[in-house]
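Single-structure report; data block below.
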Amino acid sequence: MRVLISDDEENIRMLMKRFLALDGIECDTAENGLSAQRYLRESHYDALLVDLRMPGLDGMALLRWIRQEGFRMPVIMISAHGDITDAVSALKEGAQDYIVKPFDPEEVVIRIRSLVEAQNLRNLVEGEKRTSELVGDSSSMRQIKDVIAKIAPSAATVLITGESGTGKEVVAREIHRTSAVKDGPFIPINIGGVPENLLESELFGYEKGAFTGAVGRKSGMFELASGGTLFLDEIGDMPLSLQVKILRVLQERRITRLGGTETIPINARLVAATNKDLESMVREGTFREDLFYRLNVVRIQLPPLRERAEDIPLLAAFIIKKLNRSMATHVTGFTPEAIEALKRHHFYGNVRELENILERACIFADGSTIDLNDLDLQGSVSRNMGQRNTSAMPVDEEGMTLRDIEKNAIIRALHRWEGNRTKASEELGISRRTLITKIAEFGIDL
């Protein structure tokens, strides 16, 4: 079992982590909601313990995002305020329990175990009946859907390639949803988002005492994905030193935890994705040729959005439905001029950029229909193909000055990376020095 704790009080995080470890439960901690979002994108968790009041993104907003994204794990909301209104609101938003501080850590551990067991039982009874998010009826998308249908019954390794923002994880989830292991877990890990010195332990796990700070046994992603699908995103960022170990896993279907001697059989389907040219990397010696051929059993190449403009009306309608649920808006359609402008637009950021454009349009639309004036097509284009759309919760920028918007973006990035200025500057697309200057200029003190 693996639990994520999101609380801005370090003593609460460390106390619960210690009690969970004593009960054999693995645990990660995040000091705010934005950081918790990052953890949830990169790892699988069986339960969440979330504080109601947090900087950057509070517990209620995080809870709404969790349900919007389709996560099914139970959430326990904790708060220093015993307000019955907050408790009712949290339970209405989908929290399974509400606990007031101070609390008995042992009781919380018991509640977590009970909720996880109940959720596991529901999963067995109901199954993972998710609907497809692979939207499009262009010839290229029909071909991709045909390939997915053909490979669904097999356990073949799949390599998904395409520009950033084209929907590689959506395809990976569709492969899992239609596969023979659909009732098992889907475990995604962003290779580029994990520090190189931690990547091996994240994938393979470790035994107690394997290195300084290894206070207990931890299962790796390969084990957590047993009976399901392991999705290795940004596989092109994997260091050469680790590539040979991944190759061995694919050949032998067994792993060994760091610091351990026991070999553990793995039963997980592997799907990998990259926006890089692996063939060129093989020629340059930065990616192993033998690993490339092991991964490239079935290849799915996603076209950029600008090459399937006929899919934009369908995609836009699908995205608007999701935004209406998450933002409590009531947009029902587009004017013909707005749709034509979207179809003509050159999407450097692909579907991710389209989502950003429509999110802003929903905020500024005066009525139920988005027209041309609601679309900020000039300001939305990003040539930074590696930049993620990590702003999951919309920020109403109406009435804000440019300085306020810039300050808010910096604060959110810093919260998301728990004060790590290097990571925050990379997300913002500015240098670390510029970020430090801006922090001083705005008087930001987290």
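By order in the structure tokens, chains are A, B, ...; within a chain, residues start at 1; ligands start at 1, following the order shown.
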Problem - helix (DSSP H, G or I) positions in range 184-223 of chain A, given as a ChimeraX atom specification - result: /A:191-193,196-204,221-223
Residues from the last selection, N, CA and C atoms, saved as a PDB file, in the first residue's frame:
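Below you can see again18.pdb, which holds the result:
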ATOM      1  N   ILE A 191       9.952   9.845 -16.644  1.00  0.00           N
ATOM      2  CA  ILE A 191      11.393   9.635 -16.471  1.00  0.00           C
ATOM      3  C   ILE A 191      12.126  10.966 -16.328  1.00  0.00           C
ATOM      4  N   GLY A 192      11.729  11.957 -17.116  1.00  0.00           N
ATOM      5  CA  GLY A 192      12.405  13.252 -17.065  1.00  0.00           C
ATOM      6  C   GLY A 192      12.096  14.035 -15.810  1.00  0.00           C
ATOM      7  N   GLY A 193      11.032  13.643 -15.087  1.00  0.00           N
ATOM      8  CA  GLY A 193      10.645  14.382 -13.894  1.00  0.00           C
ATOM      9  C   GLY A 193      11.228  13.837 -12.610  1.00  0.00           C
ATOM     10  N   GLU A 196      17.990  11.842 -11.519  1.00  0.00           N
ATOM     11  CA  GLU A 196      18.695  10.643 -11.966  1.00  0.00           C
ATOM     12  C   GLU A 196      19.105   9.747 -10.806  1.00  0.00           C
ATOM     13  N   ASN A 197      19.516  10.350  -9.682  1.00  0.00           N
ATOM     14  CA  ASN A 197      19.987   9.543  -8.561  1.00  0.00           C
ATOM     15  C   ASN A 197      18.851   8.829  -7.821  1.00  0.00           C
ATOM     16  N   LEU A 198      17.600   9.182  -8.128  1.00  0.00           N
ATOM     17  CA  LEU A 198      16.452   8.539  -7.477  1.00  0.00           C
ATOM     18  C   LEU A 198      15.695   7.608  -8.422  1.00  0.00           C
ATOM     19  N   LEU A 199      15.999   7.695  -9.705  1.00  0.00           N
ATOM     20  CA  LEU A 199      15.202   6.988 -10.706  1.00  0.00           C
ATOM     21  C   LEU A 199      15.249   5.469 -10.524  1.00  0.00           C
ATOM     22  N   GLU A 200      16.426   4.921 -10.255  1.00  0.00           N
ATOM     23  CA  GLU A 200      16.553   3.467 -10.111  1.00  0.00           C
ATOM     24  C   GLU A 200      15.737   2.950  -8.935  1.00  0.00           C
ATOM     25  N   SER A 201      15.788   3.665  -7.808  1.00  0.00           N
ATOM     26  CA  SER A 201      15.025   3.218  -6.642  1.00  0.00           C
ATOM     27  C   SER A 201      13.526   3.359  -6.876  1.00  0.00           C
ATOM     28  N   GLU A 202      13.106   4.376  -7.658  1.00  0.00           N
ATOM     29  CA  GLU A 202      11.688   4.537  -7.973  1.00  0.00           C
ATOM     30  C   GLU A 202      11.186   3.375  -8.829  1.00  0.00           C
ATOM     31  N   LEU A 203      12.002   2.932  -9.774  1.00  0.00           N
ATOM     32  CA  LEU A 203      11.586   1.865 -10.681  1.00  0.00           C
ATOM     33  C   LEU A 203      11.662   0.477 -10.039  1.00  0.00           C
ATOM     34  N   PHE A 204      12.757   0.217  -9.302  1.00  0.00           N
ATOM     35  CA  PHE A 204      12.998  -1.126  -8.787  1.00  0.00           C
ATOM     36  C   PHE A 204      12.711  -1.290  -7.297  1.00  0.00           C
ATOM     37  N   MET A 221       8.140   0.841  -9.069  1.00  0.00           N
ATOM     38  CA  MET A 221       7.048   0.958 -10.029  1.00  0.00           C
ATOM     39  C   MET A 221       6.748  -0.364 -10.736  1.00  0.00           C
ATOM     40  N   PHE A 222       7.777  -1.151 -11.021  1.00  0.00           N
ATOM     41  CA  PHE A 222       7.552  -2.430 -11.689  1.00  0.00           C
ATOM     42  C   PHE A 222       6.672  -3.339 -10.833  1.00  0.00           C
ATOM     43  N   GLU A 223       6.927  -3.353  -9.523  1.00  0.00           N
ATOM     44  CA  GLU A 223       6.111  -4.174  -8.625  1.00  0.00           C
ATOM     45  C   GLU A 223       4.696  -3.618  -8.504  1.00  0.00           C
TER      46      GLU A 223
END
Where does range 130-201 of chain A meet range 265-274 of chain A within 8 Å, residue by residue, with the nearest atom pair and distance in Å to one decimal for each, counting only C-alpha atoms, listed by chain and rising number, as a tab-separated table?
residue	atom	partner	partner_atom	distance
A:Ala155	CA	A:Arg269	CA	5.9
A:Ala156	CA	A:Arg269	CA	7.3
A:Thr157	CA	A:Leu270	CA	5.3
A:Val158	CA	A:Val271	CA	4.8
A:Leu159	CA	A:Ala272	CA	4.9
A:Ile160	CA	A:Ala273	CA	4.5
A:Thr161	CA	A:Thr274	CA	5.2
A:Gly162	CA	A:Thr274	CA	6.8
A:Lys168	CA	A:Ala273	CA	6.6
A:Glu169	CA	A:Ala273	CA	7.9
A:Ala172	CA	A:Val271	CA	6.6
Can I get the selected residues back with C-alpha atoms, as a PDB file, in the first residue's frame?
ATOM      1  CA  ALA A 155       1.110  -8.252 -23.942  1.00  0.00           C
ATOM      2  CA  ALA A 156       3.318  -6.672 -26.610  1.00  0.00           C
ATOM      3  CA  THR A 157       5.511  -3.746 -25.587  1.00  0.00           C
ATOM      4  CA  VAL A 158       4.379  -0.486 -27.190  1.00  0.00           C
ATOM      5  CA  LEU A 159       6.403   2.626 -28.065  1.00  0.00           C
ATOM      6  CA  ILE A 160       4.389   5.830 -28.531  1.00  0.00           C
ATOM      7  CA  THR A 161       6.139   8.725 -30.274  1.00  0.00           C
ATOM      8  CA  GLY A 162       5.094  12.237 -31.166  1.00  0.00           C
ATOM      9  CA  LYS A 168       0.774  10.132 -25.642  1.00  0.00           C
ATOM     10  CA  GLU A 169      -0.452   9.354 -22.131  1.00  0.00           C
ATOM     11  CA  ALA A 172      -1.248   4.713 -23.212  1.00  0.00           C
TER      12      ALA A 172
END
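Interatomic distance, CA of Ser164 in chain A to CA of Pro304 in chain A: 8.7 Å.
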Practice task
Can you check which residues of range 268-384 of chain A DSSP gives as strand (DSSP E) on the backbone and send them as a PyMOL selection string?
Solution key: chain A and resi 269-274+298-301+333-334+369-370
Export of prior selection with C-alpha atoms as a CSV table (one decimal), in the first residue's frame:
chain,number,residue,atom,x,y,z
A,269,ARG,CA,2.7,-4.7,-19.6
A,270,LEU,CA,5.2,-2.0,-20.6
A,271,VAL,CA,4.3,1.1,-22.6
A,272,ALA,CA,6.9,3.7,-23.3
A,273,ALA,CA,6.6,7.2,-24.9
A,274,THR,CA,9.0,9.9,-26.1
A,298,VAL,CA,4.6,-2.0,-31.7
A,299,ARG,CA,5.1,1.6,-32.8
A,300,ILE,CA,2.3,4.3,-32.6
A,301,GLN,CA,3.3,7.6,-34.1
A,333,GLY,CA,-20.7,25.6,-28.3
A,334,PHE,CA,-18.7,27.8,-30.6
A,369,THR,CA,-21.1,30.4,-26.9
A,370,ILE,CA,-17.4,31.0,-27.5
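Among the candidates A:Asp58, A:Glu163, A:Asp51, A:Asp277, the residue lying nearest to Glu10 in chain A is A:Asp51 (atoms considered: only C-alpha atoms).
From CA of Glu310 in chain A back to CA of Ser140 in chain A, the distance works out to 10.8 Å.
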Practice task
Write out as a ChimeraX atom specification which residues come within 10 Å of Ala90 in chain A when counting only C-alpha atoms, dropping same-chain ones fewer than 5 positions away.
Solution key: /A:52,59-61,63-64,75-78,84-85,95-98
Problem - Shell of 9 Å around range 110-114 of chain A, only C-alpha atoms, local chain residues under 5 positions omitted, as a list in words - result: Met1, Val3, Ala47, Leu48, Leu49, Pro74, Val75, Ile76, Asp97, Pro105 and Gln119 of chain A
Take the residues from that selection and put them in a file with N, CA, C and O atoms, as a compact mmCIF listing (two decimals), in the first residue's frame.
# COMPACT_ATOMS: atom_id res chain seq x y z
N MET A 1 0.84 -1.19 0.00
CA MET A 1 0.00 0.00 0.00
C MET A 1 0.88 1.24 0.00
O MET A 1 1.91 1.28 0.66
N VAL A 3 0.70 5.62 0.25
CA VAL A 3 -0.14 6.76 0.64
C VAL A 3 0.61 8.06 0.37
O VAL A 3 1.83 8.14 0.57
N ALA A 47 -4.17 5.76 -1.37
CA ALA A 47 -4.99 6.66 -0.56
C ALA A 47 -4.26 8.00 -0.40
O ALA A 47 -3.04 8.07 -0.54
N LEU A 48 -5.06 9.05 -0.11
CA LEU A 48 -4.50 10.39 0.10
C LEU A 48 -4.98 10.94 1.43
O LEU A 48 -6.15 10.77 1.79
N LEU A 49 -4.07 11.59 2.14
CA LEU A 49 -4.38 12.32 3.36
C LEU A 49 -4.12 13.78 3.06
O LEU A 49 -2.97 14.17 2.84
N PRO A 74 -9.29 6.55 -2.29
CA PRO A 74 -9.99 7.28 -1.23
C PRO A 74 -9.17 8.46 -0.71
O PRO A 74 -7.94 8.39 -0.67
N VAL A 75 -9.87 9.53 -0.34
CA VAL A 75 -9.23 10.74 0.17
C VAL A 75 -9.78 11.04 1.57
O VAL A 75 -11.00 11.07 1.77
N ILE A 76 -8.87 11.25 2.52
CA ILE A 76 -9.24 11.67 3.87
C ILE A 76 -8.84 13.13 4.02
O ILE A 76 -7.67 13.48 3.86
N ASP A 97 -13.64 10.67 4.10
CA ASP A 97 -13.59 10.86 5.55
C ASP A 97 -13.09 12.27 5.85
O ASP A 97 -12.45 12.91 4.99
N PRO A 105 -2.88 9.37 15.48
CA PRO A 105 -2.30 8.81 14.26
C PRO A 105 -2.67 7.35 14.02
O PRO A 105 -2.88 6.92 12.89
N GLN A 119 -12.25 0.23 -1.14
CA GLN A 119 -12.08 0.65 -2.53
C GLN A 119 -11.63 -0.51 -3.41
O GLN A 119 -12.10 -0.67 -4.55
Exercise for the section: Could you check which of A:Thr229, A:Ser280, A:Gln243, A:Ser154 is closest to Pro188 in chain A, using only C-alpha atoms? Expected result: A:Thr229
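Proximity of A:Arg248, A:Ser241, A:Arg2, A:Asp233 to Arg217 in chain A, computed with only C-alpha atoms, is greatest for A:Arg2.
Of the residues listed (A:Leu134, A:Leu242, A:Pro195, A:Pro303), A:Leu242 shows the shortest atom-to-atom separation from Arg288 in chain A; distances use only C-alpha atoms.
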With range 349-354 of chain A as the partner and 7 Å as the cut-off, tabulate the residues of range 138-214 of chain A that qualify, each row holding the nearest pair of atoms and their distance in Å to one decimal, using only C-alpha atoms, sorted by chain and rising number, as a Markdown table.
| residue | atom | partner | partner_atom | distance |
| --- | --- | --- | --- | --- |
| A:Ser164 | CA | A:Gly349 | CA | 6.7 |
| A:Gly165 | CA | A:Arg352 | CA | 4.9 |
| A:Thr166 | CA | A:Asn350 | CA | 5.4 |
| A:Gly167 | CA | A:Val351 | CA | 6.9 |
Problem - Nearby residues (only C-alpha atoms) at most 10 Å from Val147 in chain A, same-chain spacing under 3 positions excluded, as an MDAnalysis selection string - result: chainID A and resid 141:144 150:152 175 298:300
Go ahead and save the residues from that selection, with N, CA, C and O atoms, as a PDB file, in the first residue's frame.
ATOM      1  N   MET A 141      -6.199   9.201 -36.878  1.00  0.00           N
ATOM      2  CA  MET A 141      -6.709   8.734 -35.594  1.00  0.00           C
ATOM      3  C   MET A 141      -7.457   7.416 -35.735  1.00  0.00           C
ATOM      4  O   MET A 141      -7.395   6.555 -34.838  1.00  0.00           O
ATOM      5  N   ARG A 142      -8.137   7.210 -36.847  1.00  0.00           N
ATOM      6  CA  ARG A 142      -8.805   5.923 -37.067  1.00  0.00           C
ATOM      7  C   ARG A 142      -7.779   4.795 -37.171  1.00  0.00           C
ATOM      8  O   ARG A 142      -7.993   3.697 -36.658  1.00  0.00           O
ATOM      9  N   GLN A 143      -6.646   5.074 -37.822  1.00  0.00           N
ATOM     10  CA  GLN A 143      -5.586   4.069 -37.922  1.00  0.00           C
ATOM     11  C   GLN A 143      -5.022   3.730 -36.547  1.00  0.00           C
ATOM     12  O   GLN A 143      -4.765   2.562 -36.237  1.00  0.00           O
ATOM     13  N   ILE A 144      -4.834   4.763 -35.709  1.00  0.00           N
ATOM     14  CA  ILE A 144      -4.298   4.533 -34.356  1.00  0.00           C
ATOM     15  C   ILE A 144      -5.284   3.695 -33.537  1.00  0.00           C
ATOM     16  O   ILE A 144      -4.886   2.764 -32.824  1.00  0.00           O
ATOM     17  N   LYS A 150      -6.119  -3.986 -32.245  1.00  0.00           N
ATOM     18  CA  LYS A 150      -5.426  -5.225 -32.618  1.00  0.00           C
ATOM     19  C   LYS A 150      -4.464  -5.695 -31.543  1.00  0.00           C
ATOM     20  O   LYS A 150      -4.289  -6.890 -31.326  1.00  0.00           O
ATOM     21  N   ILE A 151      -3.814  -4.750 -30.855  1.00  0.00           N
ATOM     22  CA  ILE A 151      -2.805  -5.150 -29.867  1.00  0.00           C
ATOM     23  C   ILE A 151      -3.402  -5.347 -28.477  1.00  0.00           C
ATOM     24  O   ILE A 151      -2.714  -5.853 -27.576  1.00  0.00           O
ATOM     25  N   ALA A 152      -4.687  -4.972 -28.288  1.00  0.00           N
ATOM     26  CA  ALA A 152      -5.293  -5.039 -26.959  1.00  0.00           C
ATOM     27  C   ALA A 152      -5.178  -6.415 -26.294  1.00  0.00           C
ATOM     28  O   ALA A 152      -4.824  -6.503 -25.118  1.00  0.00           O
ATOM     29  N   ILE A 175      -4.743   2.085 -24.359  1.00  0.00           N
ATOM     30  CA  ILE A 175      -4.187   0.732 -24.525  1.00  0.00           C
ATOM     31  C   ILE A 175      -4.485  -0.099 -23.282  1.00  0.00           C
ATOM     32  O   ILE A 175      -4.916  -1.252 -23.367  1.00  0.00           O
ATOM     33  N   VAL A 298       5.737  -2.640 -31.041  1.00  0.00           N
ATOM     34  CA  VAL A 298       4.620  -1.991 -31.724  1.00  0.00           C
ATOM     35  C   VAL A 298       4.841  -0.489 -31.613  1.00  0.00           C
ATOM     36  O   VAL A 298       5.033   0.033 -30.526  1.00  0.00           O
ATOM     37  N   ARG A 299       4.817   0.194 -32.740  1.00  0.00           N
ATOM     38  CA  ARG A 299       5.089   1.637 -32.758  1.00  0.00           C
ATOM     39  C   ARG A 299       3.800   2.390 -33.089  1.00  0.00           C
ATOM     40  O   ARG A 299       3.127   2.083 -34.071  1.00  0.00           O
ATOM     41  N   ILE A 300       3.471   3.374 -32.275  1.00  0.00           N
ATOM     42  CA  ILE A 300       2.341   4.258 -32.555  1.00  0.00           C
ATOM     43  C   ILE A 300       2.875   5.681 -32.642  1.00  0.00           C
ATOM     44  O   ILE A 300       3.367   6.218 -31.656  1.00  0.00           O
TER      45      ILE A 300
END
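Nearest residue to Glu31 in chain A, choosing from A:Asp404, A:Ser6, A:His44, A:Ile148 and counting only C-alpha atoms: A:Ser6.
If you look at CA of Leu34 in chain A and CA of Trp65 in chain A, they are 10.5 Å away from each other.
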Exercise for the section: Compile the contact shell of Thr263 in chain A as a ChimeraX atom specification: residues with an atom at most 7 Å away, counting only C-alpha atoms, same-chain residues fewer than 5 positions apart removed. Expected result: /A:254-256
Problem - Surrounding residues of Leu428 in chain A excluding itself and chain neighbours under 4 positions, 8 Å, only C-alpha atoms, as a ChimeraX atom specification - result: /A:409-410,413,424
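Considering the residues A:Arg177, A:Arg432, A:Arg53, A:Lys182 and counting only C-alpha atoms, Asn420 in chain A has its shortest atom-to-atom contact with A:Arg432.
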